[in-house]
Each structure stands twice: as structure tokens, then as C-alpha cells.
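Below is run.cif, holding mmCIF, C-alpha atoms.
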data_target
loop_
_atom_site.group_PDB
_atom_site.id
_atom_site.type_symbol
_atom_site.label_atom_id
_atom_site.label_comp_id
_atom_site.auth_asym_id
_atom_site.auth_seq_id
_atom_site.Cartn_x
_atom_site.Cartn_y
_atom_site.Cartn_z
ATOM 1 C CA MET R 594 -18.432 25.986 -12.089
ATOM 2 C CA ASN R 595 -22.068 25.187 -12.709
ATOM 3 C CA GLN R 596 -24.421 23.676 -10.123
ATOM 4 C CA LYS R 597 -23.827 20.109 -11.366
ATOM 5 C CA CYS R 598 -20.050 20.567 -10.936
ATOM 6 C CA TRP R 599 -20.538 21.845 -7.381
ATOM 7 C CA GLU R 600 -22.708 18.798 -6.616
ATOM 8 C CA LEU R 601 -20.013 16.488 -7.999
ATOM 9 C CA LEU R 602 -17.384 18.255 -5.898
ATOM 10 C CA TRP R 603 -19.645 17.814 -2.872
ATOM 11 C CA ARG R 604 -19.771 14.054 -3.567
ATOM 12 C CA ILE R 605 -15.970 13.931 -3.912
ATOM 13 C CA HIS R 606 -15.696 15.586 -0.501
ATOM 14 C CA ALA R 607 -18.330 13.304 1.064
ATOM 15 C CA ASN R 608 -16.610 10.187 -0.301
ATOM 16 C CA SER R 609 -13.432 11.097 1.526
ATOM 17 C CA LEU R 610 -15.292 10.928 4.819
ATOM 18 C CA GLU R 611 -16.141 7.304 4.025
ATOM 19 C CA ALA R 612 -12.426 6.659 3.560
ATOM 20 C CA MET R 613 -11.693 8.246 6.935
ATOM 21 C CA ARG R 614 -14.395 6.108 8.550
ATOM 22 C CA LEU R 615 -12.864 2.971 7.035
ATOM 23 C CA VAL R 616 -9.632 3.750 8.889
ATOM 24 C CA ALA R 617 -11.352 4.878 12.090
ATOM 25 C CA ASP R 618 -13.386 1.670 12.289
ATOM 26 C CA SER R 619 -10.500 -0.698 11.630
ATOM 27 C CA ASP R 620 -7.454 -2.137 13.311
ATOM 28 C CA THR R 621 -4.681 -0.849 11.041
ATOM 29 C CA SER R 622 -1.776 -2.195 13.059
ATOM 30 C CA GLN R 623 -0.648 -4.539 10.281
ATOM 31 C CA ASN R 624 -0.313 -1.760 7.697
ATOM 32 C CA HIS R 625 -0.193 1.641 9.295
ATOM 33 C CA ASN R 626 1.286 4.848 7.960
ATOM 34 C CA ASP R 627 4.981 5.413 8.655
ATOM 35 C CA SER R 628 7.811 7.287 6.963
ATOM 36 C CA TYR R 629 7.984 4.701 4.167
ATOM 37 C CA PHE R 630 4.410 5.617 3.221
ATOM 38 C CA ASP R 631 5.442 9.273 3.090
ATOM 39 C CA LEU R 632 8.530 8.421 1.065
ATOM 40 C CA ARG R 633 6.856 6.109 -1.413
ATOM 41 C CA ILE R 634 3.398 7.651 -1.668
ATOM 42 C CA GLY R 635 3.903 11.208 -0.475
ATOM 43 C CA GLN R 636 7.328 12.339 -1.570
ATOM 44 C CA ALA R 637 7.512 10.436 -4.869
ATOM 45 C CA THR R 638 3.954 11.230 -5.923
ATOM 46 C CA THR R 639 4.021 14.905 -4.965
ATOM 47 C CA GLN R 640 7.345 15.297 -6.792
ATOM 48 C CA LEU R 641 5.719 13.875 -9.919
ATOM 49 C CA ALA R 642 2.703 16.168 -9.531
ATOM 50 C CA TYR R 643 4.872 19.238 -9.115
ATOM 51 C CA SER R 644 7.116 18.352 -12.057
ATOM 52 C CA LEU R 645 4.138 17.647 -14.352
ATOM 53 C CA TYR R 646 2.223 20.825 -13.488
ATOM 54 C CA LYS R 647 4.852 23.433 -12.606
ATOM 55 C CA GLY R 648 4.103 26.527 -14.675
ATOM 56 C CA LYS R 649 0.862 25.041 -16.054
ATOM 57 C CA VAL R 650 -1.634 25.710 -13.257
ATOM 58 C CA PRO R 651 -2.900 28.735 -11.304
ATOM 59 C CA PRO R 652 -0.327 30.115 -8.820
ATOM 60 C CA LEU R 653 -2.082 28.833 -5.679
ATOM 61 C CA VAL R 654 -2.294 25.328 -7.139
ATOM 62 C CA GLU R 655 1.403 25.401 -8.002
ATOM 63 C CA GLU R 656 2.252 26.735 -4.534
ATOM 64 C CA PHE R 657 0.295 23.870 -2.954
ATOM 65 C CA LEU R 658 2.004 21.258 -5.149
ATOM 66 C CA LYS R 659 5.435 22.603 -4.199
ATOM 67 C CA LYS R 660 4.649 22.910 -0.477
ATOM 68 C CA HIS R 661 2.979 19.506 -0.396
ATOM 69 C CA HIS R 662 6.156 17.936 -1.788
ATOM 70 C CA GLU R 663 8.326 19.802 0.730
ATOM 71 C CA ASP R 664 6.118 18.638 3.606
ATOM 72 C CA GLU R 665 6.115 15.024 2.416
ATOM 73 C CA SER R 666 9.900 15.168 2.245
ATOM 74 C CA ILE R 667 9.985 16.177 5.925
ATOM 75 C CA ASP R 668 7.604 13.381 6.939
ATOM 76 C CA ALA R 669 9.514 10.828 4.838
ATOM 77 C CA LYS R 670 12.679 11.495 6.848
ATOM 78 C CA MET R 671 11.095 11.636 10.287
ATOM 79 C CA PHE R 672 11.426 7.975 11.269
ATOM 80 C CA LEU R 673 14.201 5.789 9.897
ATOM 81 C CA PRO R 674 15.034 3.109 8.878
ATOM 82 C CA TYR R 675 12.469 2.408 6.219
ATOM 83 C CA LYS R 676 10.652 -0.868 6.059
ATOM 84 C CA ARG R 677 9.253 -1.559 2.601
ATOM 85 C CA ASN R 678 5.472 -1.909 2.525
ATOM 86 C CA GLU R 679 3.666 -3.513 -0.406
ATOM 87 C CA MET R 680 0.439 -1.638 0.334
ATOM 88 C CA ALA R 681 2.275 1.712 0.184
ATOM 89 C CA ASP R 682 3.856 0.688 -3.120
ATOM 90 C CA LYS R 683 0.456 -0.185 -4.620
ATOM 91 C CA ILE R 684 -1.151 3.034 -3.391
ATOM 92 C CA ALA R 685 1.709 5.104 -4.832
ATOM 93 C CA GLU R 686 1.405 3.341 -8.178
ATOM 94 C CA TYR R 687 -2.336 4.031 -8.242
ATOM 95 C CA HIS R 688 -1.959 7.737 -7.431
ATOM 96 C CA GLN R 689 0.795 8.171 -10.005
ATOM 97 C CA LYS R 690 -1.222 6.370 -12.670
ATOM 98 C CA ILE R 691 -4.258 8.589 -11.942
ATOM 99 C CA LEU R 692 -2.074 11.679 -12.117
ATOM 100 C CA ARG R 693 -0.624 10.708 -15.494
ATOM 101 C CA GLU R 694 -3.801 9.352 -17.079
ATOM 102 C CA HIS R 695 -6.617 11.448 -15.609
ATOM 103 C CA GLY R 696 -4.938 14.632 -14.448
ATOM 104 C CA LEU R 697 -4.868 16.890 -11.451
ATOM 105 C CA VAL R 698 -8.588 16.880 -10.580
ATOM 106 C CA SER R 699 -8.623 13.088 -10.179
ATOM 107 C CA TYR R 700 -5.282 13.222 -8.397
ATOM 108 C CA PHE R 701 -6.591 15.762 -5.872
ATOM 109 C CA ALA R 702 -9.726 13.653 -5.342
ATOM 110 C CA CYS R 703 -7.737 10.473 -4.716
ATOM 111 C CA MET R 704 -4.424 11.464 -3.148
ATOM 112 C CA PRO R 705 -4.990 14.360 -0.758
ATOM 113 C CA LEU R 706 -8.778 14.179 -0.384
ATOM 114 C CA PHE R 707 -8.752 10.414 0.146
ATOM 115 C CA GLY R 708 -5.280 9.173 1.010
ATOM 116 C CA GLU R 709 -4.236 12.117 3.148
ATOM 117 C CA ARG R 710 -7.569 12.095 4.965
ATOM 118 C CA MET R 711 -7.085 8.425 5.708
ATOM 119 C CA SER R 712 -3.637 9.218 7.105
ATOM 120 C CA LEU R 713 -5.119 11.974 9.234
ATOM 121 C CA ALA R 714 -7.771 9.581 10.576
ATOM 122 C CA GLU R 715 -5.101 6.996 11.355
ATOM 123 C CA ALA R 716 -3.004 9.564 13.219
ATOM 124 C CA HIS R 717 -6.010 10.651 15.258
ATOM 125 C CA TYR R 718 -7.637 7.301 16.019
ATOM 126 C CA HIS R 719 -4.633 4.971 16.207
ATOM 127 C CA ARG R 720 -1.608 7.190 17.040
ATOM 128 C CA TYR R 721 1.303 4.912 16.171
ATOM 129 C CA ASP R 722 4.658 6.057 17.550
ATOM 130 C CA ASP R 723 6.315 5.863 14.115
ATOM 131 C CA ASP R 724 3.544 7.740 12.267
ATOM 132 C CA PRO R 725 4.796 11.212 11.219
ATOM 133 C CA HIS R 726 1.223 12.531 11.300
ATOM 134 C CA ALA R 727 0.783 11.584 14.953
ATOM 135 C CA THR R 728 3.215 14.379 15.849
ATOM 136 C CA LYS R 729 1.854 17.875 16.444
ATOM 137 C CA GLU R 730 3.445 19.430 13.357
ATOM 138 C CA GLY R 731 2.813 16.362 11.212
ATOM 139 C CA PHE R 732 -0.874 16.395 12.106
ATOM 140 C CA ILE R 733 -1.188 20.078 11.181
ATOM 141 C CA ARG R 734 0.612 19.493 7.865
ATOM 142 C CA GLU R 735 -1.653 16.535 7.132
ATOM 143 C CA PHE R 736 -4.769 18.579 7.877
ATOM 144 C CA TRP R 737 -3.579 21.222 5.415
ATOM 145 C CA HIS R 738 -2.847 18.580 2.759
ATOM 146 C CA CYS R 739 -6.284 17.019 3.017
ATOM 147 C CA THR R 740 -8.365 20.202 3.070
ATOM 148 C CA THR R 741 -6.678 22.645 0.695
ATOM 149 C CA PRO R 742 -7.559 20.749 -2.519
ATOM 150 C CA LEU R 743 -11.235 21.578 -1.959
ATOM 151 C CA ILE R 744 -10.272 25.207 -2.557
ATOM 152 C CA LEU R 745 -7.927 24.389 -5.429
ATOM 153 C CA ILE R 746 -10.123 22.121 -7.548
ATOM 154 C CA PRO R 747 -12.504 24.985 -8.483
ATOM 155 C CA GLN R 748 -9.472 27.054 -9.547
ATOM 156 C CA LEU R 749 -8.736 24.343 -12.122
ATOM 157 C CA GLU R 750 -12.186 24.993 -13.626
ATOM 158 C CA PRO R 751 -12.974 21.303 -13.996
ATOM 159 C CA THR R 752 -15.548 20.025 -16.448
ATOM 160 C CA GLU R 753 -18.371 17.740 -15.380
ATOM 161 C CA ASP R 754 -16.557 14.897 -17.141
ATOM 162 C CA GLN R 755 -13.361 15.528 -15.144
ATOM 163 C CA LEU R 756 -15.310 15.525 -11.884
ATOM 164 C CA LYS R 757 -17.180 12.351 -12.868
ATOM 165 C CA GLN R 758 -13.829 10.740 -13.681
ATOM 166 C CA ALA R 759 -12.532 11.815 -10.265
ATOM 167 C CA LEU R 760 -15.528 10.159 -8.595
ATOM 168 C CA GLU R 761 -14.915 6.983 -10.583
ATOM 169 C CA ASP R 762 -11.231 7.035 -9.610
ATOM 170 C CA GLN R 763 -12.201 7.488 -5.960
ATOM 171 C CA SER R 764 -14.566 4.512 -6.196
ATOM 172 C CA LYS R 765 -11.843 2.294 -7.612
ATOM 173 C CA PHE R 766 -9.400 3.465 -4.951
ATOM 174 C CA ILE R 767 -11.764 2.853 -2.037
ATOM 175 C CA GLU R 768 -12.674 -0.604 -3.340
ATOM 176 C CA ARG R 769 -8.998 -1.559 -3.443
ATOM 177 C CA LEU R 770 -8.490 -0.239 0.067
ATOM 178 C CA ARG R 771 -11.689 -1.749 1.408
ATOM 179 C CA ALA R 772 -10.572 -5.162 0.121
ATOM 180 C CA ASN R 773 -7.270 -4.706 1.959
ATOM 181 C CA TYR R 774 -8.940 -3.655 5.216
ATOM 182 C CA ILE R 775 -11.464 -6.515 5.015
ATOM 183 C CA GLN R 776 -8.687 -8.994 4.255
ATOM 184 C CA LYS R 777 -6.745 -7.743 7.309
ATOM 185 C CA SER R 778 -9.799 -8.113 9.527
ATOM 186 C CA ASN R 779 -10.231 -11.727 8.420
ATOM 187 C CA VAL R 780 -6.572 -12.490 9.180
ATOM 188 C CA SER R 781 -6.794 -11.264 12.774
#
How does the structure come out when it is put into C-alpha cells?
Amino acid sequence: MNQKCWELLWRIHANSLEAMRLVADSDTSQNHNDSYFDLRIGQATTQLAYSLYKGKVPPLVEEFLKKHHEDESIDAKMFLPYKRNEMADKIAEYHQKILREHGLVSYFACMPLFGERMSLAEAHYHRYDDDPHATKEGFIREFWHCTTPLILIPQLEPTEDQLKQALEDQSKFIERLRANYIQKSNVS
């Protein structure tokens, strides 16, 4: 990757800290992560990613996609019964659309580097009893999910345009989430 690509990757990483701060600074009790989030966002989306890219990416990327799906499957079954959550449905739809339309670089920027980091922040700052990531093993899995893509994106040899698209996709994602968090704060 050239210097401009590294700078874009740096911005992708820095943006995810803003997403974590959004969760850390909010009261997420109305819409917190639970096993339905991991079923609808995690398991379904990681299954799609693995099926779309199996045999088409470097071995470490494929290994991550497979392991990420396996881990999400564990978290999705941790706390039953499921209670449908409209926010989780919308987030899953967004991640899956990004994956199909903009590819793996944008997906990594939005799903693990944003969404998984937000889940990690929620587990740390809010610690809900039904949050799979608030468990010891769940927290460690979540940390792995939200850090490993920084190593994997360079292996995909992204172009500047792909990284710019990933930044744009992150911006759209955070604006949707910010609107939800602001709306929740006004309801309280």
C-alpha cells in the first residue's frame, strides 16, 4: 500500500474510536447488544461474508471470516429466547448491503471495525447481563473480531478508491447510529 492508503486506513481506524465513544457516552439500555444482535447481525452477516469470499481471498482473511462466523454462532446461542430488535435488523441489512455492493474492505471498516468495537464498548461500559460480550470469553472474542481486520485489510491490497469508499460507508453508518442514539436520549 502507498502512503495515501496507509493514511486512509489510519482514518478508518480512528473513526471506529468515535463509534466506541458514542456508545461509552450514552445510555444504551433501550437497545443494547444481546444474542439477537449476534444472531441477526453477527451470525447472518458473517455467514454471508464467508460464503461470498471463501476461496477468493488470502488464507488469513478466509480463516478470519470462518472463525468470525463460528464465534458469532456461539454468541447468538448464549442467551435465549430471542427478542426481535428493529435496530439490529437495520444494522444487519446495512452491513450485508455494504458487503454485496462495496466489498470486503468496506465490510471490514463497517462491521468489525465499527460495529464490533461498539459492542466491545457496550460490554465494557454498560455490562448488561444478557450481553454475550460481557462474559469473559465473549469479551475476548469481541476484541479479536474488532482488531484483526486492521491486519487483514492490507492483505487485500486495497486501492485508494476502495479505502475512500470504506470511509464513506463508515460515515453513513455512524450517522444512522448517531441519529438512533440521539433519538433515544431525547426519549429518556
Hits of the PyMOL selection byres ((chain R and resi 698) around 8) in this structure, as a list in words: His695, Gly696, Leu697, Ser699, Tyr700, Phe701, Ala702, Ile746, Leu749, Pro751, Gln755, Leu756 and Ala759 of chain R
Pairwise distance for CA of Ile767 in chain R and CA of Ser666 in chain R, rounded to one decimal in Å: 25.3 Å
Counting all atoms listed in the file, which residues have an atom no more than 12 Å from (-1.9, 15.7, 6.9) in the file's coordinates? Please list them as a ChimeraX atom specification. /R:626,631,635,661,664-665,667-668,704-717,724-741
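Close contacts of range 638-642 of chain R, defined as residues with an atom at most 7 Å away when counting only C-alpha atoms, with chain neighbours fewer than 6 positions off set aside, comprise Leu658, His661, His662, Ala685 and Gln689 of chain R.
Pairwise distance (CA of Trp599 in chain R, CA of Gln758 in chain R) equals 14.4 Å.
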Residue nearest Glu750 in chain R among R:Gln636, R:Glu768, R:Met613, R:Pro651 (counting all atoms listed in the file):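 For Glu750 in chain R, the nearest of the given residues is R:Pro651.
Counting all atoms listed in the file, the residue from R:Lys683, R:Lys765, R:Arg633, R:Lys676 that sits nearest to Asn608 in chain R is R:Lys765.
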Of the candidates R:Gln763, R:Asn595, R:Glu663, R:Arg677, which shows the shortest atom-to-atom distance to Leu610 in chain R, using all atoms listed in the file? R:Gln763
Shell of 10 Å around Phe766 in chain R, all atoms listed in the file, local chain residues under 5 positions omitted, as an MDAnalysis selection string: chainID R and resid 612 684 687:688 703:704 707:708 760:761 771
Choose the residue, out of R:Leu615, R:Leu770, R:Ala607, R:Ile744, that has the smallest atom-to-atom separation from Ala681 in chain R; count all atoms listed in the file. R:Leu770
Closest of R:Glu686, R:Glu655, R:Asp620, R:Asp762 to Ile605 in chain R, counting all atoms listed in the file, is R:Asp762
What gap, in Å, lies between CA of Ile691 in chain R and CA of Gln748 in chain R? 19.3 Å
Considering all atoms listed in the file, can you say which of R:Leu743, R:Lys659, R:Tyr646, R:Thr752 comes closest to Arg604 in chain R?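 For Arg604 in chain R, the nearest of the given residues is R:Leu743.
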